[in-house]
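Beneath this line is the structure, given in structure tokens, with notes to follow.
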Amino acid sequence: MSGQAKSLPPTPLLADYKLRSGVADELFDASGAMRPAWTAFMAQLAKLSPEEVAERFARGDRYLRDAGVFFRQYSADPLQEREWPLSHIPVILHERDWDAICAGLTQRAELLERVVADLYGDCTLVRDGHLPAALVAQNPEWHRPLVGMKPASGHFLHLIAFEIGRSPDGSWLVLGDRTQSPSGAGFALENRMATARVFPEPVPRANVRRLAGFFRAFRGALDDLGRNGGRAAILSPGPGNDTYFEHTYVARYLGLPLLEGEDLIVQNGTVQVRTVSGPQDVGVLWRRLDTGYADPLELDETSQIGTPGLVDAVRQGRVNIVNALGSGILETRAFLAFLPQISEVLLGEKLKMPNIATWWCGQDSERSFVQDNAGKMFIGDALSRALPFDIGNADGLAGTAQTLAGDALGTWIEANAANLVGQETVTLSTTPAWIEDRLLPRPMSVRVFAARTAQGWVFLPGGYARVGRTEEAGALSMQQGGSVADVWIMCDRPAPPETLFDNERFRREDTGALPSRAADNLFWLGRYVERAEGAIRLLRGYHLRLAETGDPDDDSVQQISNLLAALFVDVGAPAHATLTPMLGSARLSAGRVRDRFSVDGWAALTDLMTSLDAMSANIQPGDECARQLGILLRKITGFNGLVHENMHRTSGWRFLTLGRAMERADAAAAVLTACMAGDVPGLGLLDMALEYGDSRITHQRRYRVDPTWETVGDLLALDANNPRSVLFQVTAMRRIAQDLPRAQVAGRVSDVLGALLRLETQLVVAHPSDITIACLTDIRAALADISAKLASAYLN
């Protein structure tokens, strides 16, 4: 390559890197010389052997897997998680280029603010003919109930993302604006973390601008918005969303509560979150769901993820929404045709960074132009919010346009003119990507994030680019196999350090009360994991007996099989089929509170699920199955220990522990009941009960006699020092319940605490001979009543 020798010694690294005619490139400039921002990085990369490159890339991928980074790829399985598709080679831009980009986008951000304020205000742009009425009135993102409403903050837009690309002449174009609920800023952080694993060398990374300062400024802006009206929180549509990981990650990173619509209520115009301590005011909602779903009373009545009354709270100025409801209309594809003129009307100046050329076919001259040049254009839905090169988001009209040509296409455009736009075919610049063990140029776009602060618009310095896997610019979307790269903003000198925190003074923040939904999921997470552990212990016990006798028809084996059947554990089914629903429910509950999980905790749960999935349906009963179940048992107890020992002792830990204790107490009573009901002398049910309670050695040391119903009942039901006994777990629940909100009101204990005290007293004064089937049945009924009281008081 002609430019290679000017900046880098000849190297096989670039042997296949062929520039395309008429396409700008990020690595080489128009003269064929390597851009200065890339030279230090490429020099480092050229020193690595193919094996070292592969190992480093694997290191970055391993970090992303361990951190649990994923996105959801829309498919028949609505909760299918896909590994984050990192393109390991960063996109590198010089700070001078970046500063020019930010200057142009600052102007555009102010323009978009003025436009959306007008559309929900006096609508002078439509009145004066600068924007066609049809593009507003018929737009699904223009919501009549919001007309006339002014945000309490005075601004509609607080966080914007701009999709930009470099054109063949080297200038930058805006491909689309993202104002509804821009995604990607959190993923940009993970891109940076993963890329740091791949390229840890201080040179050239020391000269790369840091990302933390942007998030510090944005969090400060959110805090300022909620200064007088309650704390800030993130409003998510829930785990089914394709970017749900980002919601949980950013919530952890910024220390913000992650809420869903069902967490919120509106009372007297005030938005409140349901918590275990009662309703608490929320002053700012950073919404990550589309406007239409936000309030089923005034917007989409079919929404099941919104909060009734939210629009009225906004109308009364009692809550700030980031971005304001209704701001998604700015993403409308056809608006790009009118923004250049609107800029001159509203700002008195031309756009510093033009957007992709767009023509709305509802105008005669524009329609004729599109018809004459249809073969060179992308033609699609005028009201769509998708980018023209996102094939995975292509609208139905775009699909129809691709099937027509000649007169048929022209006639079709004429018939559907008001619903169509034509856009120039985008020839995006290319950037180095590692494809099949070599560097190849691939099309890319950069997503730029801007946040409004008291000091003006602040930009995230890089962090997120979309890179195609092929030479076609029409497949950048991750849904269509595209990848995502880190973006480095390269300075000429070391970049100043940045941190998320304001270190000027020490301050201990109140973490806020636990939302009831989160408490419910933590409670059931504890129950499901404990239930799975109990089932693993029972199944392992059965297969160990089977291994000892070698005969599934042996009386002792059959008796244990009947015992497990009474406990709804089917020994005839493959072990993994029995355990998958339990651990699957645990993972689902954990996923709903993922923002409260450490990376290690989530990794441990994922590892447990992976081990379960690896169990073959054809595994041989007996010794081999027992061995596999032993591995699962060690992993599930490791997960329990990791989560319970490392979790901060706040309400979240209390409800997780309550669930675990409730399930363990109930299961112990259930096992004792089943053993008593199915007892046949000499067939080992007492030993099975001790094995289930992990108490065989304790029994031998304490009683020095063969197991009897009194000794086993004493150890597993009444022993205050045995963590597997009913009494131990009831006492643990009583102690936790004493620390719950509203445990005592006006000098009287709560219903939950009162019921626990009565059951604990009953067990403390009981004699081993009192542990009968009737007694155990009463204990289980009391535990069920306590669970119902707990749900009524805190979880519902």
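How things are named: the first chain in the structure tokens is A, the next is B, and so on; residues count from 1 in each chain; ligands count from 1 in the order shown.
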
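Neighbours of stretch 668-675 of chain A closer than or equal to 7 Å, with only C-alpha atoms counted and sequence neighbours fewer than 2 positions away skipped, come out as Leu563, Ala566, Arg664, Ala665, Asp666, Ala677, Gly678, Asp679, Leu685, Ala689, Leu716, Ser725, Val726, Ile773, Leu776 and Arg780 of chain A.
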
Write to file, as a short mmCIF file (atom, residue, chain, number, x, y, z; two decimals), in the first residue's frame, the residues of the selection just made, with C-alpha atoms.
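New file selection-v7.cif:
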```
data_model
loop_
_atom_site.label_atom_id
_atom_site.label_comp_id
_atom_site.auth_asym_id
_atom_site.auth_seq_id
_atom_site.Cartn_x
_atom_site.Cartn_y
_atom_site.Cartn_z
CA LEU A 563 -39.99 -40.49 49.48
CA ALA A 566 -43.87 -37.42 47.89
CA ARG A 664 -35.07 -24.29 54.21
CA ALA A 665 -37.42 -24.44 57.21
CA ASP A 666 -40.38 -25.56 55.11
CA ALA A 677 -45.35 -41.08 56.53
CA GLY A 678 -43.33 -43.60 54.51
CA ASP A 679 -41.30 -45.15 57.29
CA LEU A 685 -35.25 -43.07 55.54
CA ALA A 689 -33.25 -37.27 56.30
CA LEU A 716 -33.61 -31.28 62.23
CA SER A 725 -33.08 -27.19 61.56
CA VAL A 726 -36.52 -25.60 61.46
CA ILE A 773 -46.83 -35.58 61.36
CA LEU A 776 -45.01 -30.79 61.26
CA ARG A 780 -45.70 -25.81 57.56
#
```

Task: Contacts of A:Lys350 within 7 Å, only C-alpha atoms, excl. fewer than 4 positions in-chain, as a PyMOL selection string - done: chain A and resi 340+343-344

Prev. selection, all heavy atoms, output as a tab-separated table (two decimals), in the first residue's frame:
```
chain	number	residue	atom	x	y	z
A	340	PRO	N	-32.26	21.36	7.84
A	340	PRO	CA	-31.34	22.41	7.37
A	340	PRO	C	-32.02	23.78	7.26
A	340	PRO	O	-31.46	24.80	7.69
A	340	PRO	CB	-30.90	21.89	5.99
A	340	PRO	CG	-30.99	20.40	6.12
A	340	PRO	CD	-32.21	20.17	6.95
A	343	SER	N	-32.99	25.14	10.75
A	343	SER	CA	-31.85	25.71	11.46
A	343	SER	C	-31.69	27.19	11.14
A	343	SER	O	-31.44	28.01	12.03
A	343	SER	CB	-30.57	24.94	11.10
A	343	SER	OG	-29.44	25.51	11.72
A	344	GLU	N	-31.84	27.52	9.89
A	344	GLU	CA	-31.72	28.93	9.51
A	344	GLU	C	-32.86	29.76	10.09
A	344	GLU	O	-32.68	30.92	10.44
A	344	GLU	CB	-31.68	29.04	7.99
A	344	GLU	CG	-30.46	28.38	7.37
A	344	GLU	CD	-30.36	28.63	5.87
A	344	GLU	OE1	-30.67	29.76	5.45
A	344	GLU	OE2	-29.97	27.71	5.13
```

- [ ] Do a neighbour search on A:Thr427 at 9 Å with only C-alpha atoms, toss out local chain neighbours closer than 4 positions, and write the hits as a list of chain:residue names.
- [x] A:Gly22, A:Val23, A:Ala24, A:Gly165, A:Arg166, A:Ser167, A:Pro168, A:Pro443, A:Ala473

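When only C-alpha atoms are used to measure the gap to A:Leu175, the shortest distance among A:Asn521, A:Thr772, A:Asn320, A:Asn355 belongs to A:Asn355.
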
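Proximity ranking of A:Val203, A:Tyr703, A:Val271, A:His247 relative to A:Gln316 places A:Val271 first, based on only C-alpha atoms.
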
- [ ] Name the residues in contact with A:Ala535 at a cut-off of 10 Å, using only C-alpha atoms, excluding same-chain residues fewer than 2 positions from it; report them as a PyMOL selection string.
- [x] chain A and resi 529-533+537-541+564+567-570+575+578-579+582+629+633+667+692

Kindly export the residues of the current selection with C-alpha atoms, as a PDB file, in the first residue's frame.
```pdb
ATOM      1  CA  VAL A 529     -31.903 -21.490  45.017  1.00  0.00           C
ATOM      2  CA  GLU A 530     -32.554 -23.221  48.337  1.00  0.00           C
ATOM      3  CA  ARG A 531     -35.243 -25.384  46.707  1.00  0.00           C
ATOM      4  CA  ALA A 532     -32.793 -26.422  43.999  1.00  0.00           C
ATOM      5  CA  GLU A 533     -30.113 -27.213  46.583  1.00  0.00           C
ATOM      6  CA  ARG A 537     -29.238 -33.289  47.915  1.00  0.00           C
ATOM      7  CA  LEU A 538     -32.231 -35.622  47.627  1.00  0.00           C
ATOM      8  CA  LEU A 539     -31.340 -36.759  44.117  1.00  0.00           C
ATOM      9  CA  ARG A 540     -27.729 -37.335  45.060  1.00  0.00           C
ATOM     10  CA  GLY A 541     -28.850 -39.414  48.037  1.00  0.00           C
ATOM     11  CA  LEU A 564     -38.759 -38.230  46.677  1.00  0.00           C
ATOM     12  CA  LEU A 567     -41.630 -34.355  47.726  1.00  0.00           C
ATOM     13  CA  PHE A 568     -42.416 -33.886  43.996  1.00  0.00           C
ATOM     14  CA  VAL A 569     -38.944 -34.998  42.878  1.00  0.00           C
ATOM     15  CA  ASP A 570     -39.153 -37.485  40.018  1.00  0.00           C
ATOM     16  CA  ALA A 575     -31.702 -34.931  36.854  1.00  0.00           C
ATOM     17  CA  THR A 578     -35.848 -31.798  37.318  1.00  0.00           C
ATOM     18  CA  LEU A 579     -33.460 -29.024  38.313  1.00  0.00           C
ATOM     19  CA  MET A 582     -35.934 -24.401  39.686  1.00  0.00           C
ATOM     20  CA  LEU A 629     -24.878 -33.822  41.303  1.00  0.00           C
ATOM     21  CA  LEU A 633     -24.078 -29.061  44.983  1.00  0.00           C
ATOM     22  CA  ALA A 667     -38.311 -28.138  53.219  1.00  0.00           C
ATOM     23  CA  TYR A 692     -30.598 -34.132  53.330  1.00  0.00           C
TER      24      TYR A 692
END
```

- [ ] Write down as a count of residues only the residues of stretch 46-239 of chain A whose backbone DSSP state falls under alpha helix (DSSP H).
- [x] 85

Open item on the list: Ranking A:Ile631, A:Val765, A:Leu264, A:Leu757 by minimum distance to A:Gln738 and counting only C-alpha atoms, which one comes first?
Closed with: A:Leu757
